[in-house]
$ cat model10.pdb   # PDB, C-alpha atoms, pLDDT in the B column
ATOM      1  CA  MET C 830      41.190  85.407 119.524  1.00 46.00           C
ATOM      2  CA  SER C 831      40.838  82.098 121.338  1.00 48.00           C
ATOM      3  CA  SER C 832      38.277  81.543 124.079  1.00 46.00           C
ATOM      4  CA  SER C 833      41.092  81.487 126.647  1.00 61.00           C
ATOM      5  CA  ASP C 834      42.371  84.856 125.431  1.00 79.00           C
ATOM      6  CA  SER C 835      41.276  88.221 126.752  1.00 91.00           C
ATOM      7  CA  VAL C 836      41.753  91.944 126.256  1.00 95.00           C
ATOM      8  CA  VAL C 837      44.210  93.548 128.642  1.00 95.00           C
ATOM      9  CA  SER C 838      44.459  97.246 129.494  1.00 96.00           C
ATOM     10  CA  LEU C 839      47.850  98.466 130.630  1.00 96.00           C
ATOM     11  CA  ASN C 840      49.084 101.636 132.244  1.00 97.00           C
ATOM     12  CA  VAL C 841      52.807 101.717 131.548  1.00 97.00           C
ATOM     13  CA  GLY C 842      54.355 104.746 133.198  1.00 96.00           C
ATOM     14  CA  GLY C 843      51.204 106.786 132.530  1.00 96.00           C
ATOM     15  CA  HIS C 844      50.778 105.640 128.896  1.00 97.00           C
ATOM     16  CA  ILE C 845      47.677 103.570 128.234  1.00 98.00           C
ATOM     17  CA  TYR C 846      47.776 100.486 126.000  1.00 98.00           C
ATOM     18  CA  THR C 847      45.164  97.900 125.107  1.00 97.00           C
ATOM     19  CA  THR C 848      46.203  94.564 123.678  1.00 97.00           C
ATOM     20  CA  ALA C 849      45.465  90.849 123.768  1.00 96.00           C
ATOM     21  CA  ARG C 850      46.784  88.645 126.551  1.00 94.00           C
ATOM     22  CA  SER C 851      48.144  86.315 123.859  1.00 95.00           C
ATOM     23  CA  THR C 852      50.305  89.186 122.548  1.00 96.00           C
ATOM     24  CA  LEU C 853      51.813  89.824 125.965  1.00 96.00           C
ATOM     25  CA  THR C 854      52.507  86.107 126.441  1.00 95.00           C
ATOM     26  CA  ARG C 855      53.961  85.495 122.979  1.00 94.00           C
ATOM     27  CA  PHE C 856      57.333  84.790 124.602  1.00 94.00           C
ATOM     28  CA  ARG C 857      56.489  82.691 127.655  1.00 92.00           C
ATOM     29  CA  ASP C 858      59.940  82.974 129.227  1.00 93.00           C
ATOM     30  CA  SER C 859      59.813  86.796 129.248  1.00 95.00           C
ATOM     31  CA  VAL C 860      58.715  88.902 132.216  1.00 94.00           C
ATOM     32  CA  LEU C 861      55.449  89.768 130.466  1.00 95.00           C
ATOM     33  CA  GLY C 862      54.931  86.120 129.585  1.00 93.00           C
ATOM     34  CA  ALA C 863      55.280  85.184 133.209  1.00 91.00           C
ATOM     35  CA  MET C 864      53.081  88.048 134.386  1.00 91.00           C
ATOM     36  CA  PHE C 865      50.170  87.479 132.031  1.00 92.00           C
ATOM     37  CA  GLY C 866      50.513  83.748 131.446  1.00 87.00           C
ATOM     38  CA  ARG C 867      48.783  83.077 134.736  1.00 78.00           C
ATOM     39  CA  ASP C 868      46.666  84.848 137.313  1.00 67.00           C
ATOM     40  CA  PHE C 869      48.740  87.055 139.549  1.00 69.00           C
ATOM     41  CA  ASP C 870      48.277  89.783 142.084  1.00 73.00           C
ATOM     42  CA  ALA C 871      49.400  92.802 140.067  1.00 80.00           C
ATOM     43  CA  LEU C 872      49.378  96.485 140.881  1.00 90.00           C
ATOM     44  CA  ARG C 873      46.473  98.312 139.227  1.00 93.00           C
ATOM     45  CA  ASP C 874      45.668 101.970 138.718  1.00 94.00           C
ATOM     46  CA  ASP C 875      42.448 103.677 139.815  1.00 94.00           C
ATOM     47  CA  GLN C 876      40.775 102.567 136.572  1.00 95.00           C
ATOM     48  CA  GLY C 877      41.588  98.921 137.145  1.00 94.00           C
ATOM     49  CA  ARG C 878      44.297  98.789 134.479  1.00 95.00           C
ATOM     50  CA  TYR C 879      47.442  96.757 135.099  1.00 95.00           C
ATOM     51  CA  PHE C 880      50.172  99.180 136.110  1.00 96.00           C
ATOM     52  CA  ILE C 881      53.829  98.729 135.098  1.00 96.00           C
ATOM     53  CA  ASP C 882      56.233 101.356 136.374  1.00 96.00           C
ATOM     54  CA  ARG C 883      58.429 101.531 133.270  1.00 96.00           C
ATOM     55  CA  ASN C 884      59.020 103.882 130.315  1.00 96.00           C
ATOM     56  CA  GLY C 885      55.560 104.065 128.794  1.00 96.00           C
ATOM     57  CA  ARG C 886      56.608 105.885 125.654  1.00 96.00           C
ATOM     58  CA  LEU C 887      59.162 103.236 124.673  1.00 97.00           C
ATOM     59  CA  PHE C 888      56.744 100.431 125.528  1.00 98.00           C
ATOM     60  CA  GLU C 889      55.126 101.199 122.157  1.00 97.00           C
ATOM     61  CA  HIS C 890      58.143  99.607 120.429  1.00 97.00           C
ATOM     62  CA  VAL C 891      58.131  96.660 122.817  1.00 98.00           C
ATOM     63  CA  LEU C 892      54.443  96.025 122.151  1.00 97.00           C
ATOM     64  CA  ASN C 893      54.846  96.394 118.374  1.00 96.00           C
ATOM     65  CA  PHE C 894      57.595  93.760 118.475  1.00 96.00           C
ATOM     66  CA  LEU C 895      55.347  91.419 120.456  1.00 97.00           C
ATOM     67  CA  ARG C 896      52.613  91.897 117.857  1.00 96.00           C
ATOM     68  CA  THR C 897      54.759  91.379 114.758  1.00 94.00           C
ATOM     69  CA  THR C 898      58.066  89.841 115.973  1.00 93.00           C
ATOM     70  CA  GLN C 899      59.755  92.478 113.794  1.00 93.00           C
ATOM     71  CA  LEU C 900      61.776  95.467 114.960  1.00 94.00           C
ATOM     72  CA  VAL C 901      60.702  98.596 113.068  1.00 92.00           C
ATOM     73  CA  LEU C 902      62.065 101.891 114.388  1.00 93.00           C
ATOM     74  CA  PRO C 903      61.851 105.440 112.985  1.00 91.00           C
ATOM     75  CA  GLU C 904      64.809 106.507 110.836  1.00 84.00           C
ATOM     76  CA  ASP C 905      65.670 109.277 113.299  1.00 85.00           C
ATOM     77  CA  PHE C 906      65.323 107.057 116.387  1.00 91.00           C
ATOM     78  CA  LYS C 907      67.680 108.408 119.083  1.00 91.00           C
ATOM     79  CA  GLU C 908      66.784 106.311 122.134  1.00 94.00           C
ATOM     80  CA  LEU C 909      68.357 102.965 121.338  1.00 94.00           C
ATOM     81  CA  PRO C 910      70.219 102.661 124.688  1.00 94.00           C
ATOM     82  CA  LEU C 911      66.971 103.287 126.592  1.00 96.00           C
ATOM     83  CA  LEU C 912      65.076 100.759 124.480  1.00 96.00           C
ATOM     84  CA  GLU C 913      67.828  98.205 125.117  1.00 96.00           C
ATOM     85  CA  ILE C 914      67.306  98.740 128.855  1.00 96.00           C
ATOM     86  CA  GLU C 915      63.568  98.157 128.476  1.00 96.00           C
ATOM     87  CA  ALA C 916      64.087  95.004 126.420  1.00 96.00           C
ATOM     88  CA  ASP C 917      66.488  93.724 129.061  1.00 96.00           C
ATOM     89  CA  PHE C 918      63.994  94.471 131.845  1.00 96.00           C
ATOM     90  CA  TYR C 919      61.205  92.572 130.097  1.00 96.00           C
ATOM     91  CA  GLN C 920      63.688  89.815 129.177  1.00 96.00           C
ATOM     92  CA  ILE C 921      62.293  89.446 125.650  1.00 96.00           C
ATOM     93  CA  GLN C 922      65.255  87.603 124.185  1.00 95.00           C
ATOM     94  CA  PRO C 923      64.251  87.888 120.483  1.00 96.00           C
ATOM     95  CA  LEU C 924      63.874  91.665 120.942  1.00 96.00           C
ATOM     96  CA  ILE C 925      67.263  91.848 122.665  1.00 95.00           C
ATOM     97  CA  GLU C 926      68.857  90.029 119.709  1.00 95.00           C
ATOM     98  CA  ALA C 927      66.997  92.197 117.175  1.00 95.00           C
ATOM     99  CA  LEU C 928      68.290  95.337 118.905  1.00 95.00           C
ATOM    100  CA  LYS C 929      71.847  93.982 118.802  1.00 93.00           C
ATOM    101  CA  SER C 930      71.548  93.401 115.035  1.00 91.00           C
ATOM    102  CA  TYR C 931      70.007  96.841 114.527  1.00 91.00           C
ATOM    103  CA  LYS C 932      72.790  98.475 116.534  1.00 89.00           C
ATOM    104  CA  ALA C 933      75.463  96.649 114.532  1.00 85.00           C
ATOM    105  CA  SER C 934      73.876  97.732 111.247  1.00 80.00           C
ATOM    106  CA  ILE C 935      73.732 101.434 112.113  1.00 79.00           C
ATOM    107  CA  ASN C 936      77.314 101.384 113.381  1.00 74.00           C
ATOM    108  CA  GLN C 937      78.593 100.151 110.033  1.00 69.00           C
ATOM    109  CA  PRO C 938      80.184 102.901 107.938  1.00 68.00           C
ATOM    110  CA  CYS C 939      78.074 104.076 105.031  1.00 67.00           C
ATOM    111  CA  ALA C 940      79.254 103.215 101.555  1.00 79.00           C
ATOM    112  CA  GLN C 941      80.863 106.100  99.703  1.00 86.00           C
ATOM    113  CA  ASP C 942      81.502 107.129  96.106  1.00 90.00           C
ATOM    114  CA  PHE C 943      84.779 108.821  95.218  1.00 90.00           C
ATOM    115  CA  VAL C 944      85.509 110.987  92.179  1.00 91.00           C
ATOM    116  CA  SER C 945      88.806 112.556  91.215  1.00 90.00           C
ATOM    117  CA  PHE C 946      89.215 114.905  88.292  1.00 87.00           C
ATOM    118  CA  SER C 947      91.934 117.059  86.806  1.00 88.00           C
ATOM    119  CA  VAL C 948      91.248 120.075  84.609  1.00 82.00           C
ATOM    120  CA  ARG C 949      93.691 121.330  81.972  1.00 80.00           C
ATOM    121  CA  HIS C 950      93.417 124.362  79.766  1.00 72.00           C
ATOM    122  CA  SER C 951      92.348 123.515  76.235  1.00 64.00           C
ATOM    123  CA  GLY C 952      95.309 125.328  74.786  1.00 54.00           C
ATOM    124  CA  GLY C 953      93.058 127.439  72.593  1.00 54.00           C
ATOM    125  CA  ASP C 954      91.141 130.612  73.168  1.00 51.00           C
ATOM    126  CA  SER C 955      87.654 129.195  72.802  1.00 51.00           C
ATOM    127  CA  GLY C 956      87.685 125.444  73.468  1.00 59.00           C
ATOM    128  CA  ALA C 957      86.425 123.830  76.657  1.00 65.00           C
ATOM    129  CA  PRO C 958      89.089 122.668  79.136  1.00 73.00           C
ATOM    130  CA  TYR C 959      90.106 119.007  79.161  1.00 81.00           C
ATOM    131  CA  VAL C 960      88.762 117.055  82.146  1.00 86.00           C
ATOM    132  CA  PHE C 961      90.219 113.700  83.240  1.00 89.00           C
ATOM    133  CA  VAL C 962      87.835 111.762  85.492  1.00 90.00           C
ATOM    134  CA  GLY C 963      88.431 108.784  87.772  1.00 89.00           C
ATOM    135  CA  ALA C 964      86.029 107.116  90.219  1.00 88.00           C
ATOM    136  CA  ASN C 965      85.776 104.120  92.516  1.00 86.00           C
ATOM    137  CA  THR C 966      83.111 102.454  90.330  1.00 88.00           C
ATOM    138  CA  GLN C 967      82.598 102.368  86.584  1.00 89.00           C
ATOM    139  CA  GLU C 968      78.994 103.476  86.983  1.00 90.00           C
ATOM    140  CA  VAL C 969      79.971 106.646  88.827  1.00 90.00           C
ATOM    141  CA  GLU C 970      82.817 107.363  86.391  1.00 90.00           C
ATOM    142  CA  ASP C 971      80.489 107.028  83.392  1.00 92.00           C
ATOM    143  CA  THR C 972      77.859 109.253  85.031  1.00 93.00           C
ATOM    144  CA  VAL C 973      80.368 112.002  85.800  1.00 92.00           C
ATOM    145  CA  ASN C 974      81.986 111.766  82.348  1.00 91.00           C
ATOM    146  CA  ASN C 975      78.580 112.179  80.693  1.00 92.00           C
ATOM    147  CA  MET C 976      77.860 115.191  82.893  1.00 91.00           C
ATOM    148  CA  VAL C 977      81.276 116.704  82.046  1.00 89.00           C
ATOM    149  CA  GLN C 978      80.724 116.270  78.308  1.00 88.00           C
ATOM    150  CA  THR C 979      77.232 117.771  78.454  1.00 89.00           C
ATOM    151  CA  LEU C 980      78.410 120.700  80.559  1.00 86.00           C
ATOM    152  CA  GLY C 981      81.394 121.404  78.288  1.00 80.00           C
ATOM    153  CA  SER C 982      79.214 121.360  75.188  1.00 82.00           C
ATOM    154  CA  GLN C 983      76.571 123.630  76.715  1.00 83.00           C
ATOM    155  CA  MET C 984      79.045 126.186  78.023  1.00 79.00           C
ATOM    156  CA  PHE C 985      81.159 126.186  74.833  1.00 73.00           C
ATOM    157  CA  GLN C 986      78.066 126.844  72.684  1.00 76.00           C
ATOM    158  CA  LYS C 987      76.931 129.614  75.039  1.00 76.00           C
ATOM    159  CA  TYR C 988      80.234 131.481  74.960  1.00 70.00           C
ATOM    160  CA  PHE C 989      80.909 130.765  71.281  1.00 65.00           C
ATOM    161  CA  ALA C 990      77.505 132.248  70.357  1.00 65.00           C
ATOM    162  CA  SER C 991      78.350 135.425  72.255  1.00 65.00           C
ATOM    163  CA  ARG C 992      81.825 135.502  70.628  1.00 59.00           C
ATOM    164  CA  LYS C 993      83.489 135.202  74.010  1.00 64.00           C
ATOM    165  CA  CYS C 994      86.137 132.849  75.302  1.00 64.00           C
ATOM    166  CA  LEU C 995      85.093 130.213  77.818  1.00 66.00           C
ATOM    167  CA  PRO C 996      86.833 131.302  81.040  1.00 75.00           C
ATOM    168  CA  TYR C 997      88.714 128.458  82.692  1.00 76.00           C
ATOM    169  CA  GLU C 998      87.751 129.563  86.206  1.00 83.00           C
ATOM    170  CA  THR C 999      84.072 129.809  85.290  1.00 83.00           C
ATOM    171  CA  TYR C1000      84.113 126.321  83.828  1.00 83.00           C
ATOM    172  CA  VAL C1001      85.784 124.824  86.912  1.00 87.00           C
ATOM    173  CA  ALA C1002      83.389 126.597  89.296  1.00 90.00           C
ATOM    174  CA  THR C1003      80.385 125.376  87.288  1.00 90.00           C
ATOM    175  CA  LEU C1004      81.763 121.827  87.215  1.00 90.00           C
ATOM    176  CA  LEU C1005      82.264 121.825  90.973  1.00 92.00           C
ATOM    177  CA  GLY C1006      78.730 123.148  91.409  1.00 93.00           C
ATOM    178  CA  LYS C1007      77.269 120.363  89.267  1.00 92.00           C
ATOM    179  CA  LEU C1008      79.127 117.715  91.251  1.00 93.00           C
ATOM    180  CA  HIS C1009      77.902 119.311  94.457  1.00 93.00           C
ATOM    181  CA  GLU C1010      74.336 119.005  93.157  1.00 93.00           C
ATOM    182  CA  MET C1011      75.028 115.284  92.675  1.00 92.00           C
ATOM    183  CA  GLY C1012      75.897 115.030  96.364  1.00 92.00           C
ATOM    184  CA  PHE C1013      79.699 115.275  96.166  1.00 93.00           C
ATOM    185  CA  THR C1014      81.796 117.451  98.442  1.00 93.00           C
ATOM    186  CA  VAL C1015      85.472 118.308  98.083  1.00 91.00           C
ATOM    187  CA  GLN C1016      87.713 116.110 100.207  1.00 88.00           C
ATOM    188  CA  SER C1017      91.088 117.286  98.953  1.00 86.00           C
ATOM    189  CA  PHE C1018      92.752 119.485  96.349  1.00 85.00           C
ATOM    190  CA  VAL C1019      96.289 119.297  94.968  1.00 82.00           C
ATOM    191  CA  ALA C1020      98.081 121.074  92.140  1.00 76.00           C
ATOM    192  CA  SER C1021     100.861 118.762  91.005  1.00 65.00           C
ATOM    193  CA  SER C1022     103.034 120.040  88.146  1.00 66.00           C
ATOM    194  CA  GLY C1023     100.626 122.909  87.702  1.00 70.00           C
ATOM    195  CA  VAL C1024      97.635 120.602  87.074  1.00 75.00           C
ATOM    196  CA  PRO C1025      94.873 121.051  89.656  1.00 84.00           C
ATOM    197  CA  THR C1026      93.188 117.847  90.853  1.00 87.00           C
ATOM    198  CA  TRP C1027      90.131 117.592  93.060  1.00 90.00           C
ATOM    199  CA  VAL C1028      89.016 114.530  95.032  1.00 90.00           C
ATOM    200  CA  MET C1029      85.340 114.544  95.963  1.00 92.00           C
ATOM    201  CA  VAL C1030      83.304 112.122  98.052  1.00 92.00           C
ATOM    202  CA  ARG C1031      79.616 111.285  98.311  1.00 91.00           C
ATOM    203  CA  THR C1032      78.039 109.205 101.077  1.00 85.00           C
ATOM    204  CA  ARG C1033      75.590 106.685  99.706  1.00 75.00           C
ATOM    205  CA  PRO C1034      72.284 106.040 101.519  1.00 61.00           C
ATOM    206  CA  ARG C1035      72.393 102.755 103.456  1.00 56.00           C
ATOM    207  CA  ASN C1036      69.606 101.182 101.443  1.00 52.00           C
ATOM    208  CA  SER C1037      71.084 102.103  98.059  1.00 51.00           C
ATOM    209  CA  GLU C1038      73.057  99.840  95.826  1.00 46.00           C
ATOM    210  CA  THR C1039      75.722 100.926  93.365  1.00 43.00           C
ATOM    211  CA  LYS C1040      76.697  98.465  90.667  1.00 42.00           C
ATOM    212  CA  GLU C1041      80.312  97.468  90.640  1.00 40.00           C
ATOM    213  CA  PRO C1042      82.211  97.363  87.325  1.00 36.00           C
TER     214      PRO C1042
END

$ encode --input "model10.pdb" --output "structure tokens"
Amino acid sequence: MSSSDSVVSLNVGGHIYTTARSTLTRFRDSVLGAMFGRDFDALRDDQGRYFIDRNGRLFEHVLNFLRTTQLVLPEDFKELPLLEIEADFYQIQPLIEALKSYKASINQPCAQDFVSFSVRHSGGDSGAPYVFVGANTQEVEDTVNNMVQTLGSQMFQKYFASRKCLPYETYVATLLGKLHEMGFTVQSFVASSGVPTWVMVRTRPRNSETKEP
């Protein structure tokens, strides 16, 4: 802290903050920069702290941005419109721009994975049904195909060992359950020419990356 700097205590809407004057004046053309960049006759509370009649809870995010010049908000942050109002009041232009970028990013649709599969009877009494898989990326298609093969082998061995036929309905229900565990939900179902086909979708987390073929 430079010799010209000082510690400032703030009462923002009943919330108490302590910071450096240099933090508050990081952006000289902002309201806070103007207020604390020079001596001024400001309202104070009964403890002598500078009083600002604004949203004290949201001032935490304003102050964190002044300290780091980075906008970091909780994943479940629900008060973006209110924070935009506060940023506009304080006229912190970099924060206003950061909030615009943040808002644009969360309004973008999440990437999704799609899987379609058709299931045909094996034609025999004991074989596993045939499954035809399609997906929007090769990675997802390979993953689902591997799961289908493993599931078919496991269930066939289980029923073959007990000298029972592998029920078609049981296999399909188990397959749907496995895909559900992978995050997929049924979007549509059709039965064209007697062949049932499911289309399932999975929303990808925003920070995840799926390799394209």

$ resolve_selection --input "model10.pdb" --expression "the PyMOL selection byres ((chain C and resi 899) around 12)" --output "PyMOL selection string"
chain C and resi 890-898+900-902+923-928+930-931

$ closest_atom_pairs --input "model10.pdb" --of "region 891-1002 of chain C" --to "region 857-863 of chain C" --cutoff "7 Å" --atoms "only C-alpha atoms" --output "tab-separated table"
residue	atom	partner	partner_atom	distance
C:Tyr919	CA	C:Val860	CA	4.9
C:Gln920	CA	C:Ser859	CA	4.9
C:Ile921	CA	C:Ser859	CA	5.1

$ closest_residue --input "model10.pdb" --among "C:Phe856, C:Trp1027, C:Tyr988, C:Phe865" --to "Ser947 (chain C)" --atoms "all atoms listed in the file"
C:Trp1027

$ resolve_selection --input "model10.pdb" --expression "the PyMOL selection byres ((chain C and resi 961) around 10)" --output "MDAnalysis selection string"
chainID C and resid 945:949 958:960 962:963 974 977 1026

$ atom_distance --input "model10.pdb" --atom1 "CA of Val1028 (chain C)" --atom2 "CA of Glu998 (chain C)"
17.5 Å

$ atom_distance --input "model10.pdb" --atom1 "CA of Thr972 (chain C)" --atom2 "CA of Val944 (chain C)"
10.6 Å

$ residues_around --input "model10.pdb" --residues "Leu872 (chain C)" --least-positions-apart "4" --cutoff "10 Å" --atoms "only C-alpha atoms" --output "number ranges by chain"
C: 877-882

$ write_last_selection --input "model10.pdb" --atoms "C-alpha atoms" --output "tab-separated table (two decimals), in the frame of the given file"
chain	number	residue	atom	x	y	z
C	877	GLY	CA	41.59	98.92	137.15
C	878	ARG	CA	44.30	98.79	134.48
C	879	TYR	CA	47.44	96.76	135.10
C	880	PHE	CA	50.17	99.18	136.11
C	881	ILE	CA	53.83	98.73	135.10
C	882	ASP	CA	56.23	101.36	136.37

$ atom_distance --input "model10.pdb" --atom1 "CA of Asn936 (chain C)" --atom2 "CA of Lys907 (chain C)"
13.2 Å

$ closest_residue --input "model10.pdb" --among "C:Leu887, C:Leu853, C:Met976, C:Val1030" --to "Asp834 (chain C)" --atoms "all atoms listed in the file"
C:Leu853

$ residues_around --input "model10.pdb" --residues "Met1011 (chain C)" --least-positions-apart "3" --cutoff "12 Å" --atoms "only C-alpha atoms" --output "PyMOL selection string"
chain C and resi 942-944+969+972-973+976+1004-1008+1014+1029-1033

$ residues_around --input "model10.pdb" --residues "Gly885 (chain C)" --least-positions-apart "6" --cutoff "12 Å" --atoms "all atoms listed in the file" --output "number ranges by chain"
C: 839-846, 891-892, 911-912, 915

$ closest_residue --input "model10.pdb" --among "C:Gln922, C:Thr979, C:Thr999, C:Lys932" --to "Phe906 (chain C)" --atoms "only C-alpha atoms"
C:Lys932

$ closest_residue --input "model10.pdb" --among "C:Ala964, C:Ala933, C:Arg867, C:Thr1003" --to "Gln983 (chain C)" --atoms "only C-alpha atoms"
C:Thr1003
